[in-house]
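**Q** Contents of coords.cif (mmCIF, C-alpha atoms and all ligand atoms) are below:
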```cif
data_my_file
loop_
_atom_site.label_atom_id
_atom_site.label_comp_id
_atom_site.auth_asym_id
_atom_site.auth_seq_id
_atom_site.Cartn_x
_atom_site.Cartn_y
_atom_site.Cartn_z
CA MET H 1 0.00 0.00 0.00
CA ALA H 2 1.18 3.49 -0.72
CA LEU H 3 -0.04 6.97 0.02
CA ARG H 4 -0.36 8.90 -3.23
CA GLU H 5 -0.44 12.62 -4.00
CA ILE H 6 -3.88 14.08 -4.76
CA LEU H 7 -4.06 16.35 -7.81
CA VAL H 8 -5.52 19.82 -7.24
CA ILE H 9 -7.14 22.22 -9.75
CA PRO H 10 -6.14 23.69 -12.18
CA ASP H 11 -4.20 20.44 -12.94
CA LYS H 12 -5.29 19.55 -16.50
CA ARG H 13 -5.25 15.81 -15.76
CA LEU H 14 -8.47 16.33 -13.76
CA ARG H 15 -10.18 17.13 -17.12
CA VAL H 16 -9.18 13.85 -18.81
CA VAL H 17 -11.86 11.23 -19.64
CA SER H 18 -10.70 8.06 -17.87
CA LYS H 19 -10.48 4.69 -19.68
CA PRO H 20 -12.45 1.59 -18.67
CA VAL H 21 -10.60 -1.00 -16.60
CA GLU H 22 -9.99 -3.90 -19.04
CA ALA H 23 -9.30 -6.63 -16.49
CA VAL H 24 -9.70 -6.74 -12.71
CA ASN H 25 -6.21 -8.03 -11.90
CA ALA H 26 -3.59 -7.68 -9.14
CA GLN H 27 -2.48 -4.31 -10.56
CA ILE H 28 -6.01 -2.91 -10.28
CA ARG H 29 -6.42 -4.31 -6.76
CA ALA H 30 -3.10 -2.65 -5.78
CA LEU H 31 -4.29 0.66 -7.24
CA ALA H 32 -7.60 0.36 -5.34
CA ASP H 33 -5.56 -0.26 -2.15
CA ASP H 34 -3.52 2.90 -2.76
CA MET H 35 -6.71 4.85 -3.41
CA LEU H 36 -8.34 3.67 -0.18
CA GLU H 37 -5.22 4.52 1.83
CA THR H 38 -5.02 7.97 0.20
CA MET H 39 -8.77 8.58 0.69
CA TYR H 40 -8.66 7.63 4.41
CA ASP H 41 -5.56 9.76 4.98
CA ALA H 42 -7.03 12.87 3.30
CA PRO H 43 -9.67 12.24 4.74
CA GLY H 44 -12.44 11.93 2.17
CA ILE H 45 -15.55 9.80 1.61
CA GLY H 46 -14.76 9.06 -2.04
CA LEU H 47 -11.91 9.10 -4.54
CA ALA H 48 -11.61 8.66 -8.31
CA ALA H 49 -8.38 7.19 -9.73
CA ILE H 50 -7.66 10.30 -11.81
CA GLN H 51 -7.34 12.26 -8.55
CA ILE H 52 -4.07 10.35 -8.00
CA GLY H 53 -3.15 10.69 -11.69
CA GLU H 54 -4.40 7.30 -12.93
CA PRO H 55 -6.86 7.79 -15.84
CA LEU H 56 -8.89 4.63 -15.15
CA ARG H 57 -12.61 4.24 -14.37
CA LEU H 58 -12.09 3.20 -10.76
CA VAL H 59 -13.71 4.69 -7.64
CA THR H 60 -13.28 4.07 -3.90
CA MET H 61 -15.79 5.12 -1.26
CA ASP H 62 -16.48 4.82 2.47
CA LEU H 63 -19.59 6.51 3.86
CA ALA H 64 -19.22 5.18 7.42
CA LYS H 65 -19.48 7.81 10.16
CA LYS H 66 -16.46 8.62 12.33
CA ASP H 67 -17.70 6.46 15.22
CA GLU H 68 -18.51 3.52 12.93
CA GLU H 69 -16.33 0.72 11.59
CA LYS H 70 -14.65 1.26 8.23
CA ASP H 71 -16.81 0.28 5.26
CA PRO H 72 -14.53 0.37 2.20
CA HIS H 73 -16.10 0.05 -1.27
CA VAL H 74 -14.50 -0.21 -4.71
CA PHE H 75 -16.54 0.47 -7.85
CA ILE H 76 -14.94 -0.48 -11.18
CA ASN H 77 -16.35 0.94 -14.46
CA PRO H 78 -19.43 2.36 -12.68
CA GLN H 79 -22.29 3.25 -15.02
CA ILE H 80 -25.56 4.97 -14.13
CA THR H 81 -28.50 2.97 -15.51
CA TRP H 82 -31.33 5.09 -14.04
CA SER H 83 -31.68 8.52 -12.42
CA SER H 84 -34.75 9.72 -10.50
CA GLU H 85 -36.75 12.69 -11.71
CA ASP H 86 -36.71 14.19 -8.24
CA ARG H 87 -33.60 16.07 -7.32
CA ASN H 88 -31.70 16.80 -4.16
CA VAL H 89 -29.43 19.65 -3.07
CA HIS H 90 -26.37 18.61 -1.09
CA GLU H 91 -23.29 20.55 -0.03
CA GLU H 92 -20.28 19.08 -1.81
CA GLY H 93 -16.55 19.32 -1.40
CA CYS H 94 -13.69 17.77 -3.38
CA LEU H 95 -10.19 16.72 -2.36
CA SER H 96 -9.00 18.25 -5.65
CA ILE H 97 -10.52 21.64 -4.64
CA PRO H 98 -9.43 21.78 -0.98
CA GLU H 99 -11.57 23.62 1.57
CA TYR H 100 -14.18 24.81 -0.93
CA TYR H 101 -17.80 23.77 -0.38
CA GLU H 102 -20.92 24.60 -2.36
CA GLU H 103 -24.44 23.26 -2.78
CA VAL H 104 -25.04 21.12 -5.87
CA GLU H 105 -28.36 19.86 -7.25
CA ARG H 106 -28.42 16.33 -8.67
CA PRO H 107 -30.91 13.46 -9.12
CA ALA H 108 -31.89 12.29 -5.62
CA LYS H 109 -31.63 8.58 -6.51
CA VAL H 110 -29.64 6.63 -9.09
CA ARG H 111 -29.13 3.01 -10.02
CA PHE H 112 -25.69 2.01 -11.29
CA THR H 113 -23.77 -1.04 -12.40
CA TYR H 114 -20.12 -1.72 -11.65
CA LEU H 115 -17.57 -4.51 -11.48
CA ASP H 116 -16.48 -5.59 -8.00
CA LEU H 117 -12.92 -6.62 -7.09
CA ASP H 118 -13.72 -10.17 -8.26
CA GLY H 119 -14.67 -8.77 -11.68
CA LYS H 120 -18.33 -9.63 -11.06
CA LEU H 121 -21.04 -7.30 -12.45
CA GLN H 122 -23.20 -5.75 -9.73
CA GLU H 123 -26.12 -3.30 -9.74
CA VAL H 124 -27.23 -1.15 -6.79
CA GLU H 125 -29.63 1.70 -6.06
CA ALA H 126 -28.28 4.71 -4.20
CA ASP H 127 -29.94 7.61 -2.43
CA GLY H 128 -28.89 10.29 0.04
CA ILE H 129 -25.14 10.94 0.30
CA PHE H 130 -24.44 7.65 -1.54
CA ALA H 131 -26.28 8.96 -4.63
CA THR H 132 -24.53 12.34 -4.39
CA CYS H 133 -21.10 10.76 -3.94
CA ILE H 134 -21.31 8.21 -6.77
CA GLN H 135 -22.48 10.95 -9.17
CA HIS H 136 -19.59 13.19 -8.01
CA GLU H 137 -17.11 10.33 -8.60
CA ILE H 138 -18.52 9.31 -12.00
CA ASP H 139 -18.24 12.98 -12.99
CA HIS H 140 -14.48 12.75 -12.19
CA LEU H 141 -14.21 9.76 -14.56
CA ASN H 142 -15.58 12.04 -17.28
CA GLY H 143 -13.31 14.99 -16.43
CA VAL H 144 -16.17 16.84 -14.74
CA LEU H 145 -15.83 18.59 -11.36
CA PHE H 146 -18.60 19.64 -8.95
CA ILE H 147 -17.82 23.29 -9.65
CA ASP H 148 -19.08 22.66 -13.20
CA HIS H 149 -22.57 22.38 -11.64
CA ILE H 150 -22.48 25.77 -9.84
CA SER H 151 -22.79 29.31 -11.23
CA LYS H 152 -20.10 30.50 -13.66
CA LEU H 153 -19.37 33.43 -11.35
CA LYS H 154 -18.56 31.14 -8.40
CA ARG H 155 -16.70 28.65 -10.62
CA ASP H 156 -14.49 31.30 -12.23
CA ARG H 157 -13.74 32.77 -8.80
CA VAL H 158 -12.57 29.44 -7.30
CA ILE H 159 -10.53 28.49 -10.41
CA LYS H 160 -8.85 31.91 -10.32
CA LYS H 161 -7.95 31.46 -6.65
CA PHE H 162 -6.37 28.03 -7.19
CA THR H 163 -4.59 29.18 -10.39
CA LYS H 164 -2.99 32.00 -8.40
CA ILE H 165 -1.89 29.60 -5.65
CA ALA H 166 -0.37 27.23 -8.25
CA LYS H 167 1.55 30.08 -9.90
CA GLN H 168 2.92 31.26 -6.54
CA ALA H 169 4.03 27.69 -5.73
CA ALA H 170 5.86 27.52 -9.08
CA GLU H 171 7.84 30.72 -8.47
O1 LIG B 1 -14.66 13.76 0.65
C1 LIG B 1 -15.54 14.14 -0.13
N1 LIG B 1 -16.72 14.59 0.36
C2 LIG B 1 -17.83 14.82 -0.44
C3 LIG B 1 -18.89 15.53 0.13
C4 LIG B 1 -20.02 15.78 -0.61
C5 LIG B 1 -20.12 15.31 -1.89
C6 LIG B 1 -19.08 14.63 -2.48
C7 LIG B 1 -17.93 14.37 -1.75
S1 LIG B 1 -16.64 13.48 -2.47
C8 LIG B 1 -15.28 14.14 -1.58
C9 LIG B 1 -14.00 13.43 -1.97
C10 LIG B 1 -13.70 13.65 -3.43
O2 LIG B 1 -13.20 14.65 -3.87
N2 LIG B 1 -14.05 12.69 -4.25
O3 LIG B 1 -13.86 12.84 -5.56
NI NI B 2 -13.96 15.00 -5.92
#
```
Is it possible to give me this structure as C-alpha cells?
Ligand code: GNR
Ligand code: NI
**A**
Amino acid sequence: MALREILVIPDKRLRVVSKPVEAVNAQIRALADDMLETMYDAPGIGLAAIQIGEPLRLVTMDLAKKDEEKDPHVFINPQITWSSEDRNVHEEGCLSIPEYYEEVERPAKVRFTYLDLDGKLQEVEADGIFATCIQHEIDHLNGVLFIDHISKLKRDRVIKKFTKIAKQAAE
C-alpha cells in the first residue's frame, strides 16, 4: 500500500476522460488499495483514480461515520442505468478543490452497475449521500468537477484562486 499525492485544480489531468478498466487483476487491486489509503488519509468519503493521476474508471468510497467501523467500497467501471426525476441539493466538497464547499443539485436517486474486485457485475440503487457521492465520482471519470454544476461566477472565482496559488508555488 502506498499513500499517493492528490491532484488539485487547475491540474489539466483532472479534465481527462478516464479509460475503462480492461481486467480486474492484481495491478487494479493494488491501485484500489492505494486509493483507499489515500482517501482515508485525506480524509475523504470518495476518490476517483484520476485524482491520483491514474486515468482509469475506478472509484473508492467509504460513507461510514467517524464512530462507525470502516466500510470500504470499490466500484470499477461504474455506469448509471437510471436517475430519478426528483432532485436533491447537497453541499459538496472535493479533495481536488481543498476547503471549498458549495451546494449542488443532482438526481436524488440513481441506479448504477459496476464490477467488483472479483470482476463480477453488480447493480445497486443509491440515495442520500451515496447517490450524491457516486455521481460526483462518475463525474471525475468524465473529467467533470462539482464546480461545473455551480454558477459560472462562483466557478471562475474558485478556479482563479487556485490558479494564483499554483503560480505562486511555481515561483
Ligand atoms: O470527501 C468528499 N466529500 C464529499 C462531500 C459531498 C459530496 C461529495 C464528496 S466526495 C469528496 C471526496 C472527493 O473529492 N471525491 O472525488
Ligand atoms: Ni472530488
**Q** For range 76-78 of chain H, list every protein, DNA or RNA residue within 6 Å, evaluated using only C-alpha atoms, and leave out those in the same chain fewer than 3 positions away; present the list as a JSON list (two decimals) with C-alpha atoms, in the coordinates of the input.
**A**
```json
[["chain", "number", "residue", "atom", "x", "y", "z"],
["H", 20, "PRO", "CA", -12.45, 1.59, -18.67],
["H", 57, "ARG", "CA", -12.61, 4.24, -14.37],
["H", 58, "LEU", "CA", -12.09, 3.20, -10.76],
["H", 113, "THR", "CA", -23.77, -1.04, -12.40],
["H", 114, "TYR", "CA", -20.12, -1.72, -11.65],
["H", 115, "LEU", "CA", -17.57, -4.51, -11.48]]
```
**Q** Give as a count of residues only each residue that has an atom at most 9 Å from (-12.3, 19.4, -5.5) in the file, counting all atoms listed in the file.
**A** 15
**Q** Write as JSON, numbers by chain the residues around ligand LIG 1 (chain B), taking 10 Å as the cut-off and counting only C-alpha atoms and all ligand atoms.
**A** {"H": [6, 8, 39, 40, 42, 43, 44, 45, 46, 47, 48, 49, 50, 51, 59, 60, 61, 62, 63, 90, 91, 92, 93, 94, 95, 96, 97, 98, 101, 102, 103, 104, 129, 130, 131, 132, 133, 134, 135, 136, 137, 138, 139, 140, 141, 145, 146]}
**Q** Between CA of Leu3 in chain H and CA of Ile52 in chain H, what is the distance, to one decimal in Å?
**A**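 Computing the Euclidean distance for CA of Leu3 in chain H and CA of Ile52 in chain H yields 9.6 Å.
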**Q** Show me, as JSON, the centre and edge lengths in Å to one decimal of the axis-aligned box that covers every listed atom of range 92-99 of chain H with 5 Å on each side.
**A**
```
{"center_x": -14.6, "center_y": 20.2, "center_z": -2.0, "size_x": 21.3, "size_y": 16.9, "size_z": 17.2}
```
**Q** Can you work out the spacing between CA of Pro10 in chain H and CA of Ala169 in chain H in Å, to one decimal?
**A**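 Rounded to one decimal, the two atoms are 12.7 Å apart.
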**Q** Using only C-alpha atoms and all ligand atoms, which of H:Val144, H:Glu123, H:Lys65, H:Val24 sits nearest ligand NI 2 (chain B)?
**A**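 With only C-alpha atoms and all ligand atoms as the atom set, the closest residue is H:Val144.
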**Q** Quick check, in Å to one decimal: how far apart do CA of Ile150 in chain H and CA of Ser18 in chain H lie?
**A**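 About the pair CA of Ile150 in chain H and CA of Ser18 in chain H: they are 22.7 Å apart.
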**Q** Have a look at H:Leu14, H:Val110, H:Ala170, H:Met1 and name the one nearest to ligand NI 2 (chain B); count only C-alpha atoms and all ligand atoms.
**A**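 With only C-alpha atoms and all ligand atoms as the atom set, the closest residue is H:Leu14.
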**Q** Please identify all polymer residues within 12 Å of Lys167 in chain H, counting only C-alpha atoms, omitting same-chain residues fewer than 4 positions from it, and present them as a list in words.
**A**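 Neighbouring residues, sequence-local ones excluded: Ile9, Pro10, Asp11, Lys160, Lys161, Phe162, Thr163 and Glu171 of chain H.
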**Q** Here is a test: counting only C-alpha atoms and all ligand atoms, which residue of H:Leu7, H:Ala166, H:Ile80, H:Leu36 is nearest to ligand NI 2 (chain B)?
**A**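 Selected residue with least distance to ligand NI 2 (chain B): H:Leu7.
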**Q** Between H:Asn142, H:Gln122, H:Ser84, H:Gln79, which is the closest to ligand NI 2 (chain B) once you count all atoms listed in the file?
**A**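 When distances to ligand NI 2 (chain B) are compared using all atoms listed in the file, the smallest one comes from H:Asn142.
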**Q** Because some atoms of range 19-30 of chain H are absent here, can you restore all heavy atoms and send them as a CSV table (one decimal), keeping the file's coordinate frame?
**A**
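What follows is the written file selection_18.csv:
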```csv
chain,number,residue,atom,x,y,z
H,19,LYS,N,-10.2,5.9,-18.9
H,19,LYS,CA,-10.5,4.7,-19.7
H,19,LYS,C,-11.0,3.6,-18.8
H,19,LYS,O,-10.7,3.4,-17.7
H,19,LYS,CB,-9.2,4.2,-20.3
H,19,LYS,CG,-8.6,5.2,-21.3
H,19,LYS,CD,-8.6,4.6,-22.7
H,19,LYS,CE,-8.2,5.5,-23.8
H,19,LYS,NZ,-7.9,6.9,-23.7
H,20,PRO,N,-11.9,2.7,-19.4
H,20,PRO,CA,-12.4,1.6,-18.7
H,20,PRO,C,-11.3,0.7,-18.2
H,20,PRO,O,-10.3,0.5,-18.9
H,20,PRO,CB,-13.3,0.9,-19.7
H,20,PRO,CG,-13.7,1.9,-20.7
H,20,PRO,CD,-12.5,2.9,-20.8
H,21,VAL,N,-11.5,0.0,-17.1
H,21,VAL,CA,-10.6,-1.0,-16.6
H,21,VAL,C,-10.9,-2.2,-17.5
H,21,VAL,O,-12.0,-2.7,-17.6
H,21,VAL,CB,-10.8,-1.3,-15.1
H,21,VAL,CG1,-10.1,-2.5,-14.7
H,21,VAL,CG2,-10.5,-0.1,-14.3
H,22,GLU,N,-9.8,-2.8,-18.1
H,22,GLU,CA,-10.0,-3.9,-19.0
H,22,GLU,C,-10.1,-5.2,-18.3
H,22,GLU,O,-10.9,-6.1,-18.7
H,22,GLU,CB,-8.8,-3.9,-20.0
H,22,GLU,CG,-8.7,-2.7,-20.9
H,22,GLU,CD,-9.4,-2.8,-22.2
H,22,GLU,OE1,-10.0,-3.9,-22.4
H,22,GLU,OE2,-9.4,-1.9,-23.0
H,23,ALA,N,-9.3,-5.4,-17.2
H,23,ALA,CA,-9.3,-6.6,-16.5
H,23,ALA,C,-9.1,-6.3,-15.0
H,23,ALA,O,-8.2,-5.5,-14.7
H,23,ALA,CB,-8.2,-7.6,-17.0
H,24,VAL,N,-9.9,-6.9,-14.2
H,24,VAL,CA,-9.7,-6.7,-12.7
H,24,VAL,C,-8.6,-7.7,-12.2
H,24,VAL,O,-8.9,-8.8,-11.9
H,24,VAL,CB,-11.0,-7.0,-12.0
H,24,VAL,CG1,-10.9,-6.7,-10.5
H,24,VAL,CG2,-12.1,-6.1,-12.6
H,25,ASN,N,-7.4,-7.2,-12.2
H,25,ASN,CA,-6.2,-8.0,-11.9
H,25,ASN,C,-5.5,-7.5,-10.7
H,25,ASN,O,-6.0,-6.5,-10.0
H,25,ASN,CB,-5.3,-8.1,-13.1
H,25,ASN,CG,-4.9,-6.7,-13.6
H,25,ASN,OD1,-4.8,-5.8,-12.9
H,25,ASN,ND2,-4.6,-6.6,-14.9
H,26,ALA,N,-4.3,-8.1,-10.3
H,26,ALA,CA,-3.6,-7.7,-9.1
H,26,ALA,C,-3.2,-6.2,-9.2
H,26,ALA,O,-3.2,-5.5,-8.2
H,26,ALA,CB,-2.4,-8.6,-9.0
H,27,GLN,N,-2.9,-5.7,-10.4
H,27,GLN,CA,-2.5,-4.3,-10.6
H,27,GLN,C,-3.6,-3.4,-10.2
H,27,GLN,O,-3.4,-2.4,-9.5
H,27,GLN,CB,-2.1,-4.1,-12.0
H,27,GLN,CG,-0.9,-3.2,-12.3
H,27,GLN,CD,-0.6,-3.2,-13.8
H,27,GLN,OE1,-0.7,-4.2,-14.5
H,27,GLN,NE2,-0.2,-2.0,-14.2
H,28,ILE,N,-4.8,-3.7,-10.6
H,28,ILE,CA,-6.0,-2.9,-10.3
H,28,ILE,C,-6.3,-3.0,-8.8
H,28,ILE,O,-6.6,-2.0,-8.2
H,28,ILE,CB,-7.2,-3.4,-11.1
H,28,ILE,CG1,-7.0,-3.1,-12.6
H,28,ILE,CG2,-8.5,-2.8,-10.6
H,28,ILE,CD1,-6.8,-1.6,-13.0
H,29,ARG,N,-6.2,-4.2,-8.2
H,29,ARG,CA,-6.4,-4.3,-6.8
H,29,ARG,C,-5.4,-3.5,-6.0
H,29,ARG,O,-5.7,-2.9,-5.0
H,29,ARG,CB,-6.4,-5.8,-6.4
H,29,ARG,CG,-7.7,-6.5,-6.7
H,29,ARG,CD,-7.8,-7.9,-6.2
H,29,ARG,NE,-7.1,-8.8,-7.0
H,29,ARG,CZ,-7.6,-9.5,-8.1
H,29,ARG,NH1,-8.9,-9.3,-8.4
H,29,ARG,NH2,-6.9,-10.3,-8.8
H,30,ALA,N,-4.1,-3.4,-6.4
H,30,ALA,CA,-3.1,-2.6,-5.8
H,30,ALA,C,-3.4,-1.2,-5.9
H,30,ALA,O,-3.2,-0.4,-4.9
H,30,ALA,CB,-1.7,-3.0,-6.4
```
